[in-house]
Amino acid sequence: MGTGVPASEQVTCAKGGPQDFCPEDTGDTEAVQVTDCKSPEDHQPQHERDCCNPEDSGRLMASYEGKARGYQVPPFGWRICLAHEFVEKRKPFQANNISLSNLVKHLGMGLRYLQWWYRKTQVEKKTPFIDMINCVPLRQIYGCPLGGIGGGTITRGWRGQFCRWQLNPGMYQHRTVIADQFTVCLRREGQTVYQQVLSLDHPSVLRSWNWGLCGYFAFYHALYPRAWTVYQLPGQNVTLTCRQITPILPHDYQDSSLPVGVFVWDVENEGDEALDVSIMFSMRNGLGGEDDAPGGLWNEPFCLERDGETVQGLLLHHPTLPNPYTMAVAARLTANTIVTHITAFDPDGTGQQVWQDLLQDGQLDSPAGRSTPSQKGVGIAGAVCISGKLPPRGQCCLEFSLAWDMPKIVFGAKGQVHYRRYTRFFSPDGDAAPALSHYALCRYADWEERISAWQSPILDDRSLPAWYKSALFNELYFLADGGTVWLEVPEDSLPEELGGGMHQLRPILRDYGRFGYLEGMLNPCPLCLRRSLPAWYKSALFNELYFLADGGTVWLEVPEDSLPEELGGGMHQLRPILRDYGRFGYLEGMAAGGLQYGWGWGQEYRMYNTYDVHFYASFALVMLWPKLELSLQYDMALATLREDLTRRRYLMSGVIAPVKRRNVIPHDIGDPDDEPWLRVNAYLIHDTADWKDLNLKFVLQVYRDYYLTGDQGFLKDMWPVCLAVMESEMKFDKDHDGLIENGGYADQTYDGWVTTGPSAYCGGLWLAAVAVMVQMAALCGAQDVQEKFTSILTRGQEAYERLLWNGRYYNYDSSSQPQSRSIMSDQCAGQWFLKACGLGEGDTEVFPTPHVVRALQTIFEFNVQAFAGGAMGAVNGMQPHGVPDRSSVQSDEVWVGVVYGLAATMIQEGLTWEGFRTAEGCYRTVWERLGLAFQTPEAYCQQRVFRSLAYMRPLSIWAMQLALQQQQQKKASRPVAEQDIGLITGPVFGLKEGMANLSPE
């Protein structure tokens, strides 16, 4: 069958001859040539140094065979060839990675979890906030997400697929929608010579389309909130550069909230012949899942002319409850372009009609009127096309936008209706998609100028390594894509009773809204990932566990006085086992009936504003959107003064205790599948009222936020709350030596790592918080309080040094256990925050500077250099003889966010080279070796496993930036408070001495 392309125009891609595109019999329809692409096994990689990042070329670009550099692609960022395959396929943490001793320790929790999980999913019909059974498969595909803060996000993968959707608040759908594609059509002298879907996929639907782009001639470059995809079209002398822009703008509380993204296609003609070029943007209405199944979806064209600018496109109406929305695919109409559309086609069919429509003249038919609503179980999609002229050796620009309008949302409890932040500036009635599209296409150039002004001082600083520039900006993806919500707080729902005289609470919430982001996004289930296992087995394996909880199961305490006295057969552990783990029984069978449901996808750590983790991540928020940080702090303070005496069983201990006690910081602000802010503390592994770090982290963040913003009203509002939580904390100093003691269980952010007695981590945070209370008392004129905390600090410092300092570092804790001598990478967290607040040295020194520096050097020597050859960051715990601490499930992990905080501490203490070397190991491991871009995990081990993808804590990399800026300001001898907002966005200097010996790789 003929291709419809002249023989003179036929080209090849690497090996092989020209091929016809004929996936099936298309009758008399015309086909277009598809170029052959070598398979990876046939390919011999070659480096393309001219195109790659000057430092970070590496193996991610080793397979790139093209010569195109793209149109105005920056030199710094994360870059990868579309043909790249990650060799290492890690698996998530699973039961067989736990030692027998640790497995026994967690046996009780495991059984209680199964019982709770069954009740939550089968009785309450809810999604568990921690779902260890139905999990998300690992995919090494994600790129920059689209969408501002709090309006939902759509992630476009680095190979071009639209693959991660967070439209409903805090709930994710990890689904690649095949119909969501860009297609290019080139025409010479009135004849189509090239038409290609810009996708490497070979799907089973839309088979009339020309799939299978050669990935060796294309690359992706990410520097959040922008991304570039460069396609060199083999044999066509044409290069396409797709630039993706999202309005993530520091200190902007309007445009940063918009649920929009822009795609600008710069098309370069390197040949001597004029061309007509068309780009078609097709999109399915919905994701092809359960939300679409009832039908009733419909599309319609729109045209909006305003202020001399015209935007045309399609509205994809998705009225499914509880959160209906409208998606807008739009294009900017200019004097040099033509915009056409097709209102509806079947995304699950062959796609022949759409393909031939575009093939015929490079345009679409543009029928008038809305489509017929979709039938039950039938999908619907639409497409918008821009066509333009491409002169010889010339360039043209084609501009698309994608906007989604879901103005009103309800959380899982379906109780209260909330309005998203952007409805303050656009209609809240569900009809804002055209206006959002128009605004985005008219304003994106301004957004780019502002993004450049923000990023350029850092990107242009030659003393900073390229990997750091990539990590600093790309890790910010989580602020928008972390299940984030940014909500309006109506006047009539502002809190009336302002505990502690928080005078700015109402103005802050009224003017800047309510902000929440999840602790973590997702966690892949290891067995669900194994392709060798059939889906029915994965379902049966986990779902049959229901009987452990539902098999008439009883789990009883055995009182001491009823334990058996006569131990037959020398069963010496009978009494300890029964006493410690109780008596368990379940029936042989139960009433007829059964359960049937498939293996699915869930999320781990689905809680808003998890405060022990926000402690690390908050640097990004306070440095870039400080009003959102203050809003979050007011919400946390308000929750602290409230209580919820509803009693529940905690999974780790089995103890029954209240959900929330007064005057203690909540662990989190709630679950999006319930009603966050109204019902807090979704976390029920431990009773966090007895955690030792939450109260302290609030006090430290309050002072840090005051120090960086200069907001005295905020400090005065928070002062009574700080007094209340510190008073609550004092009960943990049982021997009144000025130093708190841990309780012999995992009672802090390391919730799987037992701590007993005075400890380096919590003890250090305590002393830092006490020192901050001294400063706040002086600022608030509370001399008696100042004297009280000064006395505590003096006694606590002596105890901390006496009990924990061993000459090289601070011991993990003061117990008699072998792990008490572990070298904890996070042992200097208190000093980290003190230095971030302009304290911790001179008259405000808490920890002796020589001890801090020596401890950091020891951590670098053992936890970094002696772990994985120094190439994977810092392991949480290391034994003094150079072996990772495996006493718990967390001590032998690397926590990426902790490592960035550690690196910031090193920089603060003058160990700049060590700090960058430490942090570099995490970036290289996550982004370049494991393929976890835009899903940075909480943790990974030296081999095989990772844990909790897409996690909040790595935003702490912005603490490194603050440390660098403070270095510069210290050299200039200017106090931070005088820098105002320039502290956040100003250029970074220095580092030349510390970075002189830093290897580029």
# chains A, B, ... in the order shown; residues from 1 in each chain; ligands from 1
call {"tool": "residues_around", "arguments": {"residues": "Leu803 in chain A", "least_positions_apart": "4", "cutoff": "8 Å", "atoms": "only C-alpha atoms", "output": "list in words"}}
result
Pro758, Ala799 and Ser814 of chain A
call {"tool": "write_last_selection", "arguments": {"atoms": "C-alpha atoms", "output": "PDB file, in the first residue's frame"}}
result
ATOM      1  CA  PRO A 758      17.770  11.541  76.865  1.00  0.00           C
ATOM      2  CA  ALA A 799      22.968  17.271  81.169  1.00  0.00           C
ATOM      3  CA  SER A 814      21.389   7.159  76.776  1.00  0.00           C
TER       4      SER A 814
END
call {"tool": "select_by_dssp", "arguments": {"residues": "range 371-519 of chain A", "states": "strand (DSSP E or B)", "output": "ChimeraX atom specification"}}
result
/A:381-390,395-405,408-409,418-420,485-487,514-516,518
call {"tool": "write_last_selection", "arguments": {"atoms": "C-alpha atoms", "output": "short mmCIF file (atom, residue, chain, number, x, y, z; two decimals), in the first residue's frame"}}
result
data_model
loop_
_atom_site.label_atom_id
_atom_site.label_comp_id
_atom_site.auth_asym_id
_atom_site.auth_seq_id
_atom_site.Cartn_x
_atom_site.Cartn_y
_atom_site.Cartn_z
CA ALA A 381 -12.49 12.98 23.30
CA GLY A 382 -11.81 16.12 21.29
CA ALA A 383 -8.90 17.89 19.61
CA VAL A 384 -7.68 21.40 18.81
CA CYS A 385 -5.21 22.14 16.03
CA ILE A 386 -3.03 25.18 15.27
CA SER A 387 -1.59 25.64 11.77
CA GLY A 388 1.06 28.11 10.69
CA LYS A 389 3.57 28.95 7.97
CA LEU A 390 7.19 27.96 8.35
CA GLN A 395 10.73 29.73 12.84
CA CYS A 396 7.14 29.96 14.01
CA CYS A 397 5.40 29.78 17.36
CA LEU A 398 2.18 27.87 18.17
CA GLU A 399 0.59 28.36 21.60
CA PHE A 400 -1.77 26.04 23.52
CA SER A 401 -3.18 26.17 27.02
CA LEU A 402 -4.74 23.54 29.25
CA ALA A 403 -7.04 24.73 32.03
CA TRP A 404 -9.38 22.93 34.39
CA ASP A 405 -12.14 24.52 36.39
CA LYS A 408 -16.09 23.88 44.43
CA ILE A 409 -14.82 20.77 46.16
CA HIS A 418 -15.03 24.53 49.86
CA TYR A 419 -14.01 27.04 47.21
CA ARG A 420 -10.54 26.92 45.73
CA VAL A 485 -5.27 22.38 48.41
CA TRP A 486 -5.51 26.17 48.79
CA LEU A 487 -8.96 27.14 49.92
CA ARG A 514 -6.12 27.94 53.99
CA PHE A 515 -3.23 25.82 52.73
CA GLY A 516 -2.66 22.08 53.01
CA LEU A 518 0.06 15.85 51.99
#
call {"tool": "residues_around", "arguments": {"residues": "Ser493 in chain A", "least_positions_apart": "6", "cutoff": "12 Å", "atoms": "only C-alpha atoms", "output": "compact mmCIF listing (two decimals) with N, CA and C atoms, in the first residue's frame"}}
result
# COMPACT_ATOMS: atom_id res chain seq x y z
N GLN A 416 -18.70 19.63 54.08
CA GLN A 416 -18.63 21.05 53.80
C GLN A 416 -18.17 21.30 52.37
N VAL A 417 -18.77 22.31 51.72
CA VAL A 417 -18.34 22.72 50.38
C VAL A 417 -17.25 23.78 50.52
N HIS A 418 -16.15 23.59 49.82
CA HIS A 418 -15.03 24.53 49.86
C HIS A 418 -14.83 25.13 48.48
N ARG A 506 -7.85 35.89 61.87
CA ARG A 506 -8.90 36.15 60.89
C ARG A 506 -8.38 36.86 59.65
N LEU A 509 -6.29 34.30 57.45
CA LEU A 509 -7.12 33.31 56.77
C LEU A 509 -8.02 33.96 55.73
N ARG A 510 -8.50 35.16 56.02
CA ARG A 510 -9.39 35.84 55.07
C ARG A 510 -8.63 36.27 53.82
N GLY A 513 -6.21 32.68 52.67
CA GLY A 513 -6.82 31.37 52.57
C GLY A 513 -6.17 30.33 53.44
N ARG A 514 -6.55 29.10 53.19
CA ARG A 514 -6.12 27.94 53.99
C ARG A 514 -5.34 27.00 53.10
N LEU A 678 -11.44 20.02 60.22
CA LEU A 678 -12.50 19.77 61.19
C LEU A 678 -12.12 18.59 62.08
call {"tool": "closest_residue", "arguments": {"among": "A:Gln244, A:Asn474, A:Thr326, A:Asn876", "to": "Ala440 in chain A", "atoms": "only C-alpha atoms"}}
result
A:Gln244
call {"tool": "residues_around", "arguments": {"residues": "range 716-732 of chain A", "least_positions_apart": "4", "cutoff": "7 Å", "atoms": "only C-alpha atoms", "output": "list in words"}}
result
Gly500, Gly501, Met502, His503, Ala637, Asn663, Val664, Asn695, Val699, Gln712, Ile740, Glu741 and Cys780 of chain A
call {"tool": "write_last_selection", "arguments": {"atoms": "N, CA and C atoms", "output": "PDB file, in the first residue's frame"}}
result
ATOM      1  N   GLY A 500      -6.082  32.570  73.042  1.00  0.00           N
ATOM      2  CA  GLY A 500      -4.760  33.179  73.200  1.00  0.00           C
ATOM      3  C   GLY A 500      -4.626  34.520  72.538  1.00  0.00           C
ATOM      4  N   GLY A 501      -5.724  35.155  72.151  1.00  0.00           N
ATOM      5  CA  GLY A 501      -5.652  36.491  71.559  1.00  0.00           C
ATOM      6  C   GLY A 501      -4.951  36.543  70.231  1.00  0.00           C
ATOM      7  N   MET A 502      -5.220  35.580  69.332  1.00  0.00           N
ATOM      8  CA  MET A 502      -4.566  35.560  68.025  1.00  0.00           C
ATOM      9  C   MET A 502      -5.242  36.574  67.102  1.00  0.00           C
ATOM     10  N   HIS A 503      -4.798  37.807  67.189  1.00  0.00           N
ATOM     11  CA  HIS A 503      -5.479  38.910  66.526  1.00  0.00           C
ATOM     12  C   HIS A 503      -5.354  38.860  65.007  1.00  0.00           C
ATOM     13  N   ALA A 637      -1.956  26.319  65.262  1.00  0.00           N
ATOM     14  CA  ALA A 637      -2.152  26.873  66.604  1.00  0.00           C
ATOM     15  C   ALA A 637      -3.596  26.704  67.055  1.00  0.00           C
ATOM     16  N   ASN A 663      -3.608  21.537  74.010  1.00  0.00           N
ATOM     17  CA  ASN A 663      -2.278  22.102  74.253  1.00  0.00           C
ATOM     18  C   ASN A 663      -1.135  21.196  73.820  1.00  0.00           C
ATOM     19  N   VAL A 664      -1.406  20.304  72.867  1.00  0.00           N
ATOM     20  CA  VAL A 664      -0.335  19.571  72.192  1.00  0.00           C
ATOM     21  C   VAL A 664      -0.544  19.741  70.690  1.00  0.00           C
ATOM     22  N   ASN A 695       5.732  19.434  69.665  1.00  0.00           N
ATOM     23  CA  ASN A 695       5.639  20.724  70.343  1.00  0.00           C
ATOM     24  C   ASN A 695       6.885  21.567  70.113  1.00  0.00           C
ATOM     25  N   VAL A 699       7.462  25.459  68.208  1.00  0.00           N
ATOM     26  CA  VAL A 699       8.147  26.611  68.799  1.00  0.00           C
ATOM     27  C   VAL A 699       9.295  27.079  67.903  1.00  0.00           C
ATOM     28  N   GLN A 712       5.983  40.910  63.663  1.00  0.00           N
ATOM     29  CA  GLN A 712       5.896  40.925  65.114  1.00  0.00           C
ATOM     30  C   GLN A 712       4.500  40.551  65.607  1.00  0.00           C
ATOM     31  N   ILE A 740      14.637  16.673  78.516  1.00  0.00           N
ATOM     32  CA  ILE A 740      13.547  15.713  78.414  1.00  0.00           C
ATOM     33  C   ILE A 740      14.080  14.322  78.115  1.00  0.00           C
ATOM     34  N   GLU A 741      13.245  13.319  78.411  1.00  0.00           N
ATOM     35  CA  GLU A 741      13.583  11.930  78.129  1.00  0.00           C
ATOM     36  C   GLU A 741      12.562  11.343  77.156  1.00  0.00           C
ATOM     37  N   CYS A 780       8.825  39.596  73.920  1.00  0.00           N
ATOM     38  CA  CYS A 780       7.454  39.808  74.384  1.00  0.00           C
ATOM     39  C   CYS A 780       7.400  40.451  75.761  1.00  0.00           C
TER      40      CYS A 780
END
call {"tool": "residues_around", "arguments": {"residues": "range 272-285 of chain A", "least_positions_apart": "5", "cutoff": "8 Å", "atoms": "only C-alpha atoms", "output": "VMD selection string"}}
result
chain A and resid 177 179 to 189 297 to 299 316 to 318 327 329 347 362 to 363 379 to 393 398
call {"tool": "closest_residue", "arguments": {"among": "A:Val87, A:Leu359, A:Val267, A:Ala855", "to": "Asn237 in chain A", "atoms": "only C-alpha atoms"}}
result
A:Val267
